[in-house]
file coords16.cif (mmCIF, C-alpha atoms)
data_structure
#
loop_
_atom_site.label_atom_id
_atom_site.label_comp_id
_atom_site.auth_asym_id
_atom_site.auth_seq_id
_atom_site.Cartn_x
_atom_site.Cartn_y
_atom_site.Cartn_z
CA MET A 1 0.00 0.00 0.00
CA ARG A 2 1.22 3.51 -0.68
CA THR A 3 2.38 5.58 2.23
CA THR A 4 0.82 8.88 3.17
CA GLU A 5 4.05 10.66 2.31
CA SER A 6 4.01 9.31 -1.25
CA LEU A 7 0.61 10.92 -1.79
CA VAL A 8 1.54 14.48 -0.83
CA ALA A 9 0.83 16.31 -4.08
CA GLY A 10 -1.73 18.62 -5.61
CA PRO A 11 -3.04 21.52 -3.49
CA ALA A 12 -0.78 22.64 -0.64
CA GLU A 13 -1.59 21.51 2.87
CA PRO A 14 -2.85 24.91 4.11
CA GLU A 15 -5.52 24.85 1.40
CA ILE A 16 -6.44 21.26 2.31
CA LEU A 17 -6.78 22.29 5.96
CA ASP A 18 -9.03 25.18 4.95
CA ARG A 19 -11.17 22.84 2.84
CA MET A 20 -11.49 20.65 5.93
CA ARG A 21 -12.62 23.71 7.88
CA LEU A 22 -15.31 24.52 5.31
CA ALA A 23 -16.40 20.88 5.20
CA GLY A 24 -16.82 20.98 8.98
CA ILE A 25 -19.44 23.76 8.86
CA PRO A 26 -22.90 22.34 9.62
CA GLY A 27 -25.44 23.30 6.99
CA LEU A 28 -22.94 24.09 4.23
CA SER A 29 -23.69 21.72 1.35
CA PRO A 30 -21.01 20.40 -1.04
CA ARG A 31 -22.50 22.54 -3.82
CA LEU A 32 -22.28 25.76 -1.77
CA LEU A 33 -18.80 24.90 -0.52
CA ARG A 34 -17.53 24.48 -4.06
CA ARG A 35 -19.31 27.67 -5.10
CA LEU A 36 -17.50 29.60 -2.35
CA VAL A 37 -14.11 28.20 -3.36
CA ALA A 38 -14.79 29.03 -7.02
CA ARG A 39 -15.92 32.57 -6.17
CA PHE A 40 -12.97 33.44 -3.94
CA GLY A 41 -10.29 31.30 -5.55
CA SER A 42 -9.45 29.23 -2.47
CA ALA A 43 -11.00 27.96 0.73
CA GLY A 44 -8.71 30.18 2.81
CA THR A 45 -9.75 33.33 0.96
CA ALA A 46 -13.42 32.39 1.33
CA LEU A 47 -13.00 31.94 5.08
CA ARG A 48 -11.40 35.39 5.37
CA ALA A 49 -13.85 37.15 3.06
CA ASP A 50 -16.10 40.01 4.10
CA PRO A 51 -19.53 38.64 5.13
CA LEU A 52 -21.19 41.02 2.66
CA LEU A 53 -19.20 39.46 -0.19
CA VAL A 54 -20.02 35.99 1.10
CA ALA A 55 -23.71 36.87 1.20
CA ALA A 56 -23.54 37.88 -2.47
CA VAL A 57 -22.56 34.36 -3.53
CA PRO A 58 -25.61 32.70 -5.17
CA GLY A 59 -27.29 30.33 -2.75
CA ILE A 60 -25.61 31.82 0.33
CA GLY A 61 -27.49 35.03 1.04
CA GLY A 62 -27.53 36.98 4.25
CA ALA A 63 -28.98 34.17 6.34
CA ARG A 64 -26.13 31.82 5.53
CA SER A 65 -23.30 34.34 5.40
CA SER A 66 -22.66 33.89 9.12
CA LEU A 67 -22.09 30.16 8.68
CA LEU A 68 -18.43 30.70 7.91
CA ALA A 69 -17.91 32.15 11.38
CA ALA A 70 -18.78 28.67 12.72
CA ALA A 71 -15.93 27.02 10.83
CA PRO A 72 -13.43 24.99 12.87
CA THR A 73 -10.13 26.77 13.43
CA ARG A 74 -6.95 25.98 11.50
CA ASP A 75 -5.60 24.36 14.70
CA ASP A 76 -8.71 22.15 14.87
CA ALA A 77 -8.16 21.09 11.27
CA ALA A 78 -4.47 20.41 11.91
CA ARG A 79 -5.32 18.17 14.85
CA ASP A 80 -7.79 16.28 12.70
CA MET A 81 -5.13 15.90 10.03
CA GLU A 82 -2.81 14.30 12.58
CA ARG A 83 -5.55 11.88 13.59
CA ILE A 84 -6.19 11.05 9.95
CA ARG A 85 -2.52 10.30 9.35
CA ALA A 86 -2.28 8.27 12.55
CA ALA A 87 -5.13 6.12 11.23
CA GLY A 88 -3.26 5.54 7.96
CA ALA A 89 -5.70 7.68 6.02
CA VAL A 90 -5.27 10.58 3.61
CA VAL A 91 -7.26 13.65 2.63
CA LEU A 92 -7.96 14.34 -1.03
CA VAL A 93 -9.27 17.45 -2.72
CA GLU A 94 -9.80 18.16 -6.38
CA GLY A 95 -6.43 18.62 -8.04
CA HIS A 96 -4.82 15.77 -6.12
CA PRO A 97 -3.48 13.05 -8.46
CA ALA A 98 -5.70 10.42 -6.82
CA TRP A 99 -8.90 12.49 -7.02
CA PRO A 100 -11.49 10.35 -8.88
CA SER A 101 -12.07 11.80 -12.34
CA ALA A 102 -15.55 10.22 -12.32
CA PHE A 103 -16.67 12.89 -9.83
CA THR A 104 -16.51 15.52 -12.56
CA GLU A 105 -19.74 13.97 -13.90
CA LEU A 106 -21.65 14.82 -10.73
CA ASP A 107 -23.69 18.00 -10.36
CA ASP A 108 -22.56 18.22 -6.74
CA PRO A 109 -19.22 16.44 -6.41
CA PRO A 110 -17.77 16.22 -2.91
CA PRO A 111 -15.37 19.03 -2.02
CA ILE A 112 -13.15 16.71 0.00
CA LEU A 113 -12.55 13.00 0.53
CA PHE A 114 -11.18 11.11 3.49
CA VAL A 115 -9.66 7.80 2.41
CA ARG A 116 -8.37 4.86 4.40
CA GLY A 117 -6.45 2.44 2.21
CA ASP A 118 -4.90 3.12 -1.15
CA PRO A 119 -6.55 6.06 -2.99
CA ALA A 120 -5.15 4.73 -6.27
CA PHE A 121 -7.97 2.16 -6.26
CA LEU A 122 -10.47 5.00 -6.75
CA ALA A 123 -9.27 5.40 -10.33
CA LEU A 124 -10.38 1.86 -11.18
CA ARG A 125 -13.90 1.72 -12.59
CA GLY A 126 -15.61 -1.12 -10.80
CA VAL A 127 -19.09 -2.52 -10.34
CA ALA A 128 -21.35 -1.56 -7.44
CA LEU A 129 -23.44 -4.18 -5.67
CA VAL A 130 -25.98 -2.72 -3.26
CA GLY A 131 -29.18 -3.83 -1.61
CA SER A 132 -31.19 -4.36 1.51
CA ARG A 133 -29.74 -4.20 4.99
CA ARG A 134 -32.32 -6.83 5.99
CA ALA A 135 -31.18 -9.27 3.35
CA SER A 136 -32.44 -12.82 3.07
CA ALA A 137 -30.11 -15.79 2.96
CA TYR A 138 -30.79 -15.98 -0.79
CA GLY A 139 -29.89 -12.33 -1.38
CA THR A 140 -26.76 -12.54 0.74
CA ALA A 141 -25.59 -15.63 -1.10
CA GLN A 142 -26.17 -14.07 -4.53
CA ALA A 143 -24.39 -10.85 -3.62
CA ARG A 144 -21.39 -12.73 -2.27
CA ARG A 145 -21.25 -15.05 -5.29
CA ILE A 146 -21.53 -12.33 -7.93
CA ALA A 147 -19.00 -10.12 -6.13
CA SER A 148 -16.61 -13.03 -5.91
CA GLU A 149 -17.01 -13.76 -9.62
CA LEU A 150 -16.36 -10.12 -10.53
CA ALA A 151 -13.33 -9.85 -8.24
CA ALA A 152 -11.90 -13.11 -9.61
CA VAL A 153 -11.64 -11.54 -13.08
CA GLY A 154 -10.13 -8.31 -11.78
CA VAL A 155 -13.22 -6.09 -11.44
CA PRO A 156 -13.27 -3.96 -8.27
CA VAL A 157 -16.45 -4.26 -6.21
CA ILE A 158 -17.98 -1.09 -4.74
CA SER A 159 -20.60 -0.90 -2.02
CA GLY A 160 -21.62 0.99 1.10
CA LEU A 161 -20.27 -1.19 3.94
CA ALA A 162 -23.78 -1.48 5.39
CA ARG A 163 -25.32 -4.60 6.85
CA GLY A 164 -26.78 -7.23 4.57
CA ILE A 165 -26.10 -7.07 0.85
CA ASP A 166 -23.28 -4.51 1.10
CA ALA A 167 -21.30 -6.57 3.61
CA ALA A 168 -21.83 -9.73 1.56
CA ALA A 169 -20.54 -8.02 -1.58
CA HIS A 170 -17.38 -6.74 0.13
CA ARG A 171 -16.75 -10.15 1.70
CA GLY A 172 -17.20 -11.94 -1.62
CA ALA A 173 -14.63 -9.68 -3.25
CA LEU A 174 -12.13 -10.17 -0.44
CA ASP A 175 -12.61 -13.94 -0.45
CA ALA A 176 -11.75 -13.97 -4.16
CA GLY A 177 -8.56 -12.00 -3.54
CA GLY A 178 -9.96 -8.93 -5.29
CA VAL A 179 -10.25 -5.21 -4.66
CA THR A 180 -13.26 -3.63 -2.96
CA ILE A 181 -14.17 -0.03 -2.11
CA GLY A 182 -16.58 1.02 0.63
CA VAL A 183 -18.27 4.42 0.74
CA LEU A 184 -19.50 5.54 4.15
CA GLY A 185 -22.43 7.69 5.26
CA GLY A 186 -20.47 9.12 8.19
CA GLY A 187 -16.93 10.05 9.17
CA LEU A 188 -14.10 7.53 9.36
CA ALA A 189 -13.95 7.92 13.15
CA LYS A 190 -17.69 7.21 13.51
CA PHE A 191 -17.74 3.91 11.67
CA TYR A 192 -21.12 2.22 11.37
CA PRO A 193 -22.22 -0.53 11.70
CA PRO A 194 -19.66 -1.75 14.24
CA GLU A 195 -19.88 -5.39 13.16
CA ASN A 196 -18.39 -4.45 9.77
CA LEU A 197 -15.36 -2.71 11.24
CA GLN A 198 -13.11 -5.75 10.77
CA LEU A 199 -14.26 -5.96 7.16
CA ALA A 200 -13.31 -2.30 6.64
CA ARG A 201 -9.90 -2.92 8.21
CA GLU A 202 -9.22 -5.77 5.79
CA MET A 203 -10.17 -3.54 2.88
CA ALA A 204 -7.95 -0.69 4.04
CA ALA A 205 -5.00 -3.01 4.67
CA GLY A 206 -4.17 -3.28 0.98
CA ARG A 207 -7.27 -4.87 -0.54
CA GLY A 208 -9.13 -1.66 -1.33
CA ALA A 209 -10.21 1.58 0.29
CA VAL A 210 -12.79 3.01 2.66
CA VAL A 211 -14.02 6.45 1.62
CA SER A 212 -16.07 9.25 3.16
CA GLU A 213 -16.83 12.84 2.23
CA PHE A 214 -17.79 13.56 5.85
CA PRO A 215 -15.33 14.92 8.44
CA LEU A 216 -13.89 12.41 10.90
CA ASP A 217 -16.33 12.79 13.77
CA VAL A 218 -19.57 13.24 11.84
CA PRO A 219 -21.93 10.37 12.74
CA PRO A 220 -23.95 8.62 10.06
CA ARG A 221 -27.35 10.28 9.65
CA PRO A 222 -30.29 9.20 7.49
CA TYR A 223 -29.93 12.14 5.09
CA HIS A 224 -26.26 11.31 4.52
CA PHE A 225 -26.97 8.07 2.71
CA PRO A 226 -28.46 9.55 -0.48
CA ARG A 227 -25.28 11.67 -0.70
CA ARG A 228 -23.19 8.54 -0.19
CA ASN A 229 -25.17 6.70 -2.87
CA ARG A 230 -24.32 9.26 -5.56
CA LEU A 231 -20.61 8.59 -4.94
CA ILE A 232 -21.13 4.84 -5.24
CA ALA A 233 -22.90 5.35 -8.57
CA ALA A 234 -20.22 7.73 -9.85
CA LEU A 235 -17.33 5.41 -9.01
CA ALA A 236 -18.99 2.44 -10.74
CA ALA A 237 -19.29 1.54 -14.41
CA ALA A 238 -22.39 -0.50 -13.56
CA VAL A 239 -24.70 -0.86 -10.57
CA VAL A 240 -26.26 -4.18 -9.57
CA ILE A 241 -29.22 -4.13 -7.18
CA VAL A 242 -29.62 -7.26 -5.05
CA GLU A 243 -32.82 -7.22 -2.99
CA ALA A 244 -34.50 -3.86 -2.52
CA ALA A 245 -37.89 -2.96 -1.10
CA GLU A 246 -40.03 -0.41 -2.88
CA ASP A 247 -38.68 2.41 -0.69
CA SER A 248 -35.09 1.13 -0.55
CA GLY A 249 -32.19 3.56 -0.63
CA SER A 250 -30.60 1.23 -3.16
CA LEU A 251 -33.11 2.52 -5.69
CA ILE A 252 -31.64 5.99 -5.14
CA THR A 253 -28.28 4.54 -6.17
CA ALA A 254 -29.94 3.11 -9.29
CA ASP A 255 -31.46 6.52 -10.10
CA HIS A 256 -28.07 8.22 -9.71
CA ALA A 257 -26.54 5.56 -11.95
CA LEU A 258 -29.14 6.14 -14.66
CA ASP A 259 -28.60 9.90 -14.46
CA LEU A 260 -24.87 9.32 -14.95
CA GLY A 261 -25.37 6.95 -17.89
CA ARG A 262 -24.22 3.88 -15.97
CA GLU A 263 -25.55 0.39 -16.61
CA VAL A 264 -28.16 -0.79 -14.12
CA LEU A 265 -28.82 -4.48 -13.48
CA ALA A 266 -30.97 -6.30 -10.96
CA VAL A 267 -30.89 -9.79 -9.51
CA PRO A 268 -34.37 -11.37 -9.64
CA GLY A 269 -35.69 -12.29 -6.23
CA ARG A 270 -38.37 -14.47 -4.68
CA ILE A 271 -41.85 -13.18 -5.47
CA ASP A 272 -42.98 -13.67 -1.87
CA ASN A 273 -40.18 -11.51 -0.46
CA PRO A 274 -41.05 -7.80 0.02
CA ASN A 275 -37.39 -7.02 -0.66
CA SER A 276 -37.91 -8.22 -4.22
CA ARG A 277 -40.47 -5.55 -5.09
CA GLY A 278 -38.01 -2.76 -5.78
CA VAL A 279 -35.79 -5.10 -7.78
CA HIS A 280 -38.68 -6.36 -9.87
CA ARG A 281 -39.84 -2.81 -10.52
CA LEU A 282 -36.40 -2.03 -11.91
CA LEU A 283 -36.61 -5.09 -14.13
CA ARG A 284 -40.04 -4.03 -15.43
CA GLU A 285 -38.64 -0.58 -16.15
CA GLY A 286 -35.82 -1.99 -18.27
CA ALA A 287 -32.97 -2.91 -15.94
CA ALA A 288 -30.96 -5.86 -17.23
CA VAL A 289 -31.26 -9.20 -15.50
CA CYS A 290 -28.17 -10.18 -13.52
CA GLU A 291 -27.67 -13.85 -12.75
CA SER A 292 -23.87 -13.85 -12.72
CA ALA A 293 -20.81 -11.70 -13.32
CA ASP A 294 -21.03 -12.66 -17.00
CA ASP A 295 -24.25 -10.64 -17.28
CA VAL A 296 -22.49 -7.58 -15.85
CA LEU A 297 -19.54 -7.94 -18.20
CA ARG A 298 -21.82 -8.29 -21.21
CA ALA A 299 -23.76 -5.19 -20.16
CA LEU A 300 -20.42 -3.33 -20.20
CA GLY A 301 -19.62 -4.64 -23.68
CA LEU A 302 -16.98 -7.07 -22.42
CA ASP A 303 -16.59 -10.74 -23.29
CA PRO A 304 -16.82 -12.94 -20.19
CA PRO A 305 -13.58 -14.86 -19.74
CA ARG A 306 -13.72 -18.53 -20.57
CA PRO A 307 -12.01 -21.09 -18.35
CA ALA A 308 -8.78 -22.57 -19.56
CA CYS A 309 -9.10 -26.15 -20.78
CA ALA A 310 -7.67 -28.85 -18.62
CA ALA A 311 -4.61 -30.72 -19.83
CA VAL A 312 -6.12 -34.19 -20.11
CA ASP A 313 -4.35 -36.88 -22.08
CA GLU A 314 -6.70 -39.81 -21.53
CA PRO A 315 -10.27 -40.33 -22.73
CA VAL A 316 -12.82 -39.57 -20.06
CA ALA A 317 -15.02 -42.43 -18.95
CA LEU A 318 -18.50 -41.06 -18.48
CA SER A 319 -21.22 -43.29 -17.13
CA GLY A 320 -24.23 -43.33 -19.42
CA ALA A 321 -22.51 -41.66 -22.38
CA ASN A 322 -24.07 -42.51 -25.72
CA GLY A 323 -22.13 -43.32 -28.86
CA ALA A 324 -21.86 -39.74 -30.08
CA GLU A 325 -20.70 -38.51 -26.69
CA THR A 326 -18.12 -41.30 -26.38
CA ALA A 327 -16.75 -40.44 -29.84
CA LEU A 328 -16.42 -36.76 -28.91
CA LEU A 329 -14.66 -37.56 -25.64
CA ALA A 330 -12.17 -39.76 -27.44
CA ALA A 331 -11.51 -37.04 -30.03
CA LEU A 332 -10.88 -34.48 -27.29
CA ALA A 333 -8.34 -36.63 -25.41
CA GLY A 334 -4.98 -34.88 -25.50
CA ALA A 335 -5.98 -31.83 -27.54
CA GLU A 336 -8.65 -29.18 -27.80
CA ARG A 337 -10.71 -28.97 -30.96
CA HIS A 338 -13.06 -26.51 -32.62
CA ALA A 339 -16.57 -27.83 -33.17
CA ASP A 340 -16.08 -28.25 -36.92
CA GLU A 341 -12.88 -30.23 -36.30
CA LEU A 342 -14.71 -32.50 -33.90
CA LEU A 343 -17.49 -33.14 -36.40
CA ALA A 344 -14.98 -33.91 -39.15
CA GLU A 345 -12.91 -36.21 -36.95
CA THR A 346 -15.84 -38.17 -35.55
CA GLY A 347 -17.93 -38.21 -38.72
CA LEU A 348 -20.99 -37.25 -36.70
CA ASP A 349 -23.98 -35.57 -38.30
CA PRO A 350 -23.80 -31.84 -37.35
CA ALA A 351 -27.14 -31.86 -35.51
CA GLN A 352 -26.28 -35.05 -33.62
CA GLY A 353 -22.72 -33.96 -32.86
CA LEU A 354 -23.61 -30.47 -31.62
CA ALA A 355 -26.41 -31.85 -29.45
CA ALA A 356 -24.01 -34.34 -27.87
CA LEU A 357 -21.39 -31.59 -27.38
CA SER A 358 -23.95 -29.39 -25.63
CA ALA A 359 -24.99 -32.27 -23.39
CA LEU A 360 -21.38 -32.88 -22.37
CA GLU A 361 -20.87 -29.17 -21.67
CA LEU A 362 -23.98 -29.03 -19.49
CA ARG A 363 -22.69 -31.98 -17.46
CA GLY A 364 -19.41 -30.17 -16.86
CA THR A 365 -17.36 -32.78 -18.71
CA VAL A 366 -16.47 -30.56 -21.65
CA THR A 367 -15.76 -26.83 -21.51
CA LEU A 368 -15.59 -24.09 -24.11
CA CYS A 369 -12.09 -22.67 -23.84
CA ALA A 370 -10.96 -19.06 -24.06
CA ASP A 371 -9.89 -19.46 -27.71
CA GLY A 372 -13.22 -20.92 -28.85
CA ARG A 373 -12.10 -24.56 -28.86
CA TYR A 374 -13.63 -27.31 -26.79
CA GLY A 375 -11.63 -29.32 -24.31
CA LEU A 376 -12.02 -31.81 -21.48
CA ALA A 377 -12.86 -30.01 -18.25
CA ALA A 378 -11.25 -32.68 -16.08
CA LYS A 379 -10.57 -36.36 -15.77
CA ARG A 380 -13.45 -38.39 -14.44
#

call {"tool": "encode", "arguments": {"input": "coords16.cif", "output": "structure tokens"}}
result
Amino acid sequence: MRTTESLVAGPAEPEILDRMRLAGIPGLSPRLLRRLVARFGSAGTALRADPLLVAAVPGIGGARSSLLAAAPTRDDAARDMERIRAAGAVVLVEGHPAWPSAFTELDDPPPILFVRGDPAFLALRGVALVGSRRASAYGTAQARRIASELAAVGVPVISGLARGIDAAAHRGALDAGGVTIGVLGGGLAKFYPPENLQLAREMAAGRGAVVSEFPLDVPPRPYHFPRRNRLIAALAAAVVIVEAAEDSGSLITADHALDLGREVLAVPGRIDNPNSRGVHRLLREGAAVCESADDVLRALGLDPPRPACAAVDEPVALSGANGAETALLAALAGAERHADELLAETGLDPAQGLAALSALELRGTVTLCADGRYGLAAKR
């Protein structure tokens, strides 16, 4: 993992501290914060500006012009910076080399990011898997499986580190040895839920990153999660919804994804589960069906990877194989073949031969290799 020192670049530290001060003002939205910095040229200049000039900034007005007086002091920000570094985290602002370029697509990008782990992972476009906190065993299993499949082929998995589907997605990615990114709805020092803290530590220890736009000590609040969801959607190339009730916050993530032009997929659920209603609504409205990582890759215009063929140099004995299947297995012993080669070598009628080949593939005896040839999946 990169060290904090290796990431010192972009805006100077005094400006970063002043951005932290602005971000610590209750009631100052990301949009207004960025507007202040744009109007005055820097966060420090905005904090020192005449209140009358501040009030003239669109959206601020006289009522909000006094907000800046409530900003934390530079010493407060410096102490927070020390705590951030002690926790192995970094602070990013726009202009930093690790700042996610995807945030430029947002109408209200965050003015600041607090990152535990390697910020370089934020440049990798991954796939978000999100869903219900009150997930069923079925939903949890599907989220973990699909995340594991994506991570196994090098696709980062993004989620919100919440209970249920989010936790299952992060765990699936870690179990597959992949990269996973968690976006929080509160500050890094107010981690929630506590049972996922160990999961977050594993991610930050070199297997991904944990990200928040909220200052360290800001607790998670209900109105933070829609803000968090827009960051999940922005970082992802596609969003997969796994179990979501009709009023689920995961549907907000799907809406953000659609607004950003991202692919949206949904995993079909049980019809007697209320957490399937939001998912099935998405499917009726045109979301793609997701049954596996292959569906996600296809939605992104990528060819799903094919397994490598096994090196098998003896015919496979398969109980119950018919004559056509036995002939194909013998032809595949020792070398992979294209379908037309197999038909020519065995002399099988094309319809009969292809039907037998499909039957063998369904049984897991024969596999379609990465180069389009067929081979023996394993000795039996």

call {"tool": "closest_residue", "arguments": {"input": "coords16.cif", "among": "A:Asp217, A:Glu243, A:Asp166, A:Glu345", "to": "Ile181 (chain A)", "atoms": "only C-alpha atoms"}}
result
A:Asp166

call {"tool": "residues_near_point", "arguments": {"input": "coords16.cif", "point": "(-4.2, -0.8, 4.2)", "cutoff": "12 Å", "atoms": "all atoms listed in the file", "output": "MDAnalysis selection string"}}
result
chainID A and resid 1:4 87:90 115:121 179:181 199:210

call {"tool": "residues_near_point", "arguments": {"input": "coords16.cif", "point": "(-4.5, 20.4, 1.3)", "cutoff": "12 Å", "atoms": "only C-alpha atoms", "output": "PyMOL selection string"}}
result
chain A and resi 7-21+42-44+74+77-78+81+90-96+111-114

call {"tool": "resolve_selection", "arguments": {"input": "coords16.cif", "expression": "the PyMOL selection byres ((chain A and resi 250) around 8)", "output": "list of chain:residue names"}}
result
A:Val130, A:Gly131, A:Ser132, A:Asn229, A:Ile241, A:Ala244, A:Ser248, A:Gly249, A:Leu251, A:Ile252, A:Thr253, A:Ala254

call {"tool": "resolve_selection", "arguments": {"input": "coords16.cif", "expression": "the PyMOL selection byres ((chain A and resi 354) around 12)", "output": "ChimeraX atom specification"}}
result
/A:324-325,328,338-344,346-353,355-361,374

call {"tool": "atom_distance", "arguments": {"input": "coords16.cif", "atom1": "CA of Ile158 (chain A)", "atom2": "CA of Ala128 (chain A)"}}
result
4.3 Å

call {"tool": "residues_around", "arguments": {"input": "coords16.cif", "residues": "Val279 (chain A)", "least_positions_apart": "3", "cutoff": "10 Å", "atoms": "only C-alpha atoms", "output": "NGL selection string"}}
result
:A and (131 or 240-246 or 248 or 250-251 or 265-269 or 274-276 or 282-285 or 287 or 289)

call {"tool": "write_last_selection", "arguments": {"input": "coords16.cif", "atoms": "C-alpha atoms", "output": "PDB file, in the frame of the given file"}}
result
ATOM      1  CA  GLY A 131     -29.180  -3.830  -1.610  1.00  0.00           C
ATOM      2  CA  VAL A 240     -26.260  -4.180  -9.570  1.00  0.00           C
ATOM      3  CA  ILE A 241     -29.220  -4.130  -7.180  1.00  0.00           C
ATOM      4  CA  VAL A 242     -29.620  -7.260  -5.050  1.00  0.00           C
ATOM      5  CA  GLU A 243     -32.820  -7.220  -2.990  1.00  0.00           C
ATOM      6  CA  ALA A 244     -34.500  -3.860  -2.520  1.00  0.00           C
ATOM      7  CA  ALA A 245     -37.890  -2.960  -1.100  1.00  0.00           C
ATOM      8  CA  GLU A 246     -40.030  -0.410  -2.880  1.00  0.00           C
ATOM      9  CA  SER A 248     -35.090   1.130  -0.550  1.00  0.00           C
ATOM     10  CA  SER A 250     -30.600   1.230  -3.160  1.00  0.00           C
ATOM     11  CA  LEU A 251     -33.110   2.520  -5.690  1.00  0.00           C
ATOM     12  CA  LEU A 265     -28.820  -4.480 -13.480  1.00  0.00           C
ATOM     13  CA  ALA A 266     -30.970  -6.300 -10.960  1.00  0.00           C
ATOM     14  CA  VAL A 267     -30.890  -9.790  -9.510  1.00  0.00           C
ATOM     15  CA  PRO A 268     -34.370 -11.370  -9.640  1.00  0.00           C
ATOM     16  CA  GLY A 269     -35.690 -12.290  -6.230  1.00  0.00           C
ATOM     17  CA  PRO A 274     -41.050  -7.800   0.020  1.00  0.00           C
ATOM     18  CA  ASN A 275     -37.390  -7.020  -0.660  1.00  0.00           C
ATOM     19  CA  SER A 276     -37.910  -8.220  -4.220  1.00  0.00           C
ATOM     20  CA  LEU A 282     -36.400  -2.030 -11.910  1.00  0.00           C
ATOM     21  CA  LEU A 283     -36.610  -5.090 -14.130  1.00  0.00           C
ATOM     22  CA  ARG A 284     -40.040  -4.030 -15.430  1.00  0.00           C
ATOM     23  CA  GLU A 285     -38.640  -0.580 -16.150  1.00  0.00           C
ATOM     24  CA  ALA A 287     -32.970  -2.910 -15.940  1.00  0.00           C
ATOM     25  CA  VAL A 289     -31.260  -9.200 -15.500  1.00  0.00           C
TER      26      VAL A 289
END

call {"tool": "atom_distance", "arguments": {"input": "coords16.cif", "atom1": "CA of Pro194 (chain A)", "atom2": "CA of Pro110 (chain A)"}}
result
24.9 Å

call {"tool": "atom_distance", "arguments": {"input": "coords16.cif", "atom1": "CA of Pro51 (chain A)", "atom2": "CA of Asp75 (chain A)"}}
result
22.1 Å

call {"tool": "resolve_selection", "arguments": {"input": "coords16.cif", "expression": "the PyMOL selection byres ((chain A and resi 27) around 9)", "output": "list in words"}}
result
Ile25, Pro26, Leu28, Ser29, Arg64 and Leu67 of chain A

call {"tool": "residues_around", "arguments": {"input": "coords16.cif", "residues": "Ala151 (chain A)", "least_positions_apart": "2", "cutoff": "8 Å", "atoms": "only C-alpha atoms", "output": "list in words"}}
result
Ala147, Ser148, Glu149, Val153, Gly154, Val155, Pro156, Val157, Gly172, Ala173, Leu174, Ala176, Gly177, Gly178 and Val179 of chain A

call {"tool": "closest_atom_pairs", "arguments": {"input": "coords16.cif", "of": "region 162-222 of chain A", "to": "region 133-141 of chain A", "cutoff": "10 Å", "atoms": "only C-alpha atoms", "output": "JSON lines"}}
result
{"residue": "A:Ala162", "atom": "CA", "partner": "A:Arg133", "partner_atom": "CA", "distance": 6.6}
{"residue": "A:Arg163", "atom": "CA", "partner": "A:Arg133", "partner_atom": "CA", "distance": 4.8}
{"residue": "A:Gly164", "atom": "CA", "partner": "A:Arg133", "partner_atom": "CA", "distance": 4.3}
{"residue": "A:Ile165", "atom": "CA", "partner": "A:Thr140", "partner_atom": "CA", "distance": 5.5}
{"residue": "A:Asp166", "atom": "CA", "partner": "A:Arg133", "partner_atom": "CA", "distance": 7.5}
{"residue": "A:Ala167", "atom": "CA", "partner": "A:Thr140", "partner_atom": "CA", "distance": 8.6}
{"residue": "A:Ala168", "atom": "CA", "partner": "A:Thr140", "partner_atom": "CA", "distance": 5.7}
{"residue": "A:Ala169", "atom": "CA", "partner": "A:Thr140", "partner_atom": "CA", "distance": 8.0}
{"residue": "A:Gly172", "atom": "CA", "partner": "A:Ala141", "partner_atom": "CA", "distance": 9.2}

call {"tool": "residues_around", "arguments": {"input": "coords16.cif", "residues": "Gly186 (chain A)", "least_positions_apart": "2", "cutoff": "6 Å", "atoms": "all atoms listed in the file", "output": "ChimeraX atom specification"}}
result
/A:184,214,218-220

call {"tool": "closest_residue", "arguments": {"input": "coords16.cif", "among": "A:Asp108, A:Asp76, A:Asp295, A:Asp50", "to": "Arg227 (chain A)", "atoms": "all atoms listed in the file"}}
result
A:Asp108

call {"tool": "closest_residue", "arguments": {"input": "coords16.cif", "among": "A:Ile60, A:Glu82, A:Glu263, A:Gly185", "to": "Tyr223 (chain A)", "atoms": "only C-alpha atoms"}}
result
A:Gly185

call {"tool": "axis_aligned_box", "arguments": {"input": "coords16.cif", "around": "region 327-345 of chain A", "padding_each_side": "4 Å", "output": "lines of an AutoDock Vina configuration file"}}
result
center_x = -11.2
center_y = -33.5
center_z = -32.3
size_x = 20.5
size_y = 21.9
size_z = 21.7

call {"tool": "closest_residue", "arguments": {"input": "coords16.cif", "among": "A:Leu260, A:Val57, A:Leu68, A:Ala330", "to": "Ala38 (chain A)", "atoms": "all atoms listed in the file"}}
result
A:Val57

call {"tool": "decode", "arguments": {"input": "coords16.cif", "residues": "region 13-28 of chain A", "atoms": "C-alpha atoms", "output": "PDB file, in the first residue's frame"}}
result
ATOM      1  CA  GLU A  13      -1.591  21.506   2.871  1.00  0.00           C
ATOM      2  CA  PRO A  14      -2.853  24.909   4.107  1.00  0.00           C
ATOM      3  CA  GLU A  15      -5.520  24.852   1.402  1.00  0.00           C
ATOM      4  CA  ILE A  16      -6.438  21.262   2.308  1.00  0.00           C
ATOM      5  CA  LEU A  17      -6.783  22.294   5.963  1.00  0.00           C
ATOM      6  CA  ASP A  18      -9.026  25.177   4.952  1.00  0.00           C
ATOM      7  CA  ARG A  19     -11.174  22.843   2.844  1.00  0.00           C
ATOM      8  CA  MET A  20     -11.491  20.651   5.925  1.00  0.00           C
ATOM      9  CA  ARG A  21     -12.615  23.714   7.880  1.00  0.00           C
ATOM     10  CA  LEU A  22     -15.306  24.523   5.313  1.00  0.00           C
ATOM     11  CA  ALA A  23     -16.403  20.884   5.204  1.00  0.00           C
ATOM     12  CA  GLY A  24     -16.818  20.982   8.983  1.00  0.00           C
ATOM     13  CA  ILE A  25     -19.437  23.761   8.860  1.00  0.00           C
ATOM     14  CA  PRO A  26     -22.901  22.341   9.623  1.00  0.00           C
ATOM     15  CA  GLY A  27     -25.443  23.304   6.985  1.00  0.00           C
ATOM     16  CA  LEU A  28     -22.935  24.092   4.227  1.00  0.00           C
TER      17      LEU A  28
END
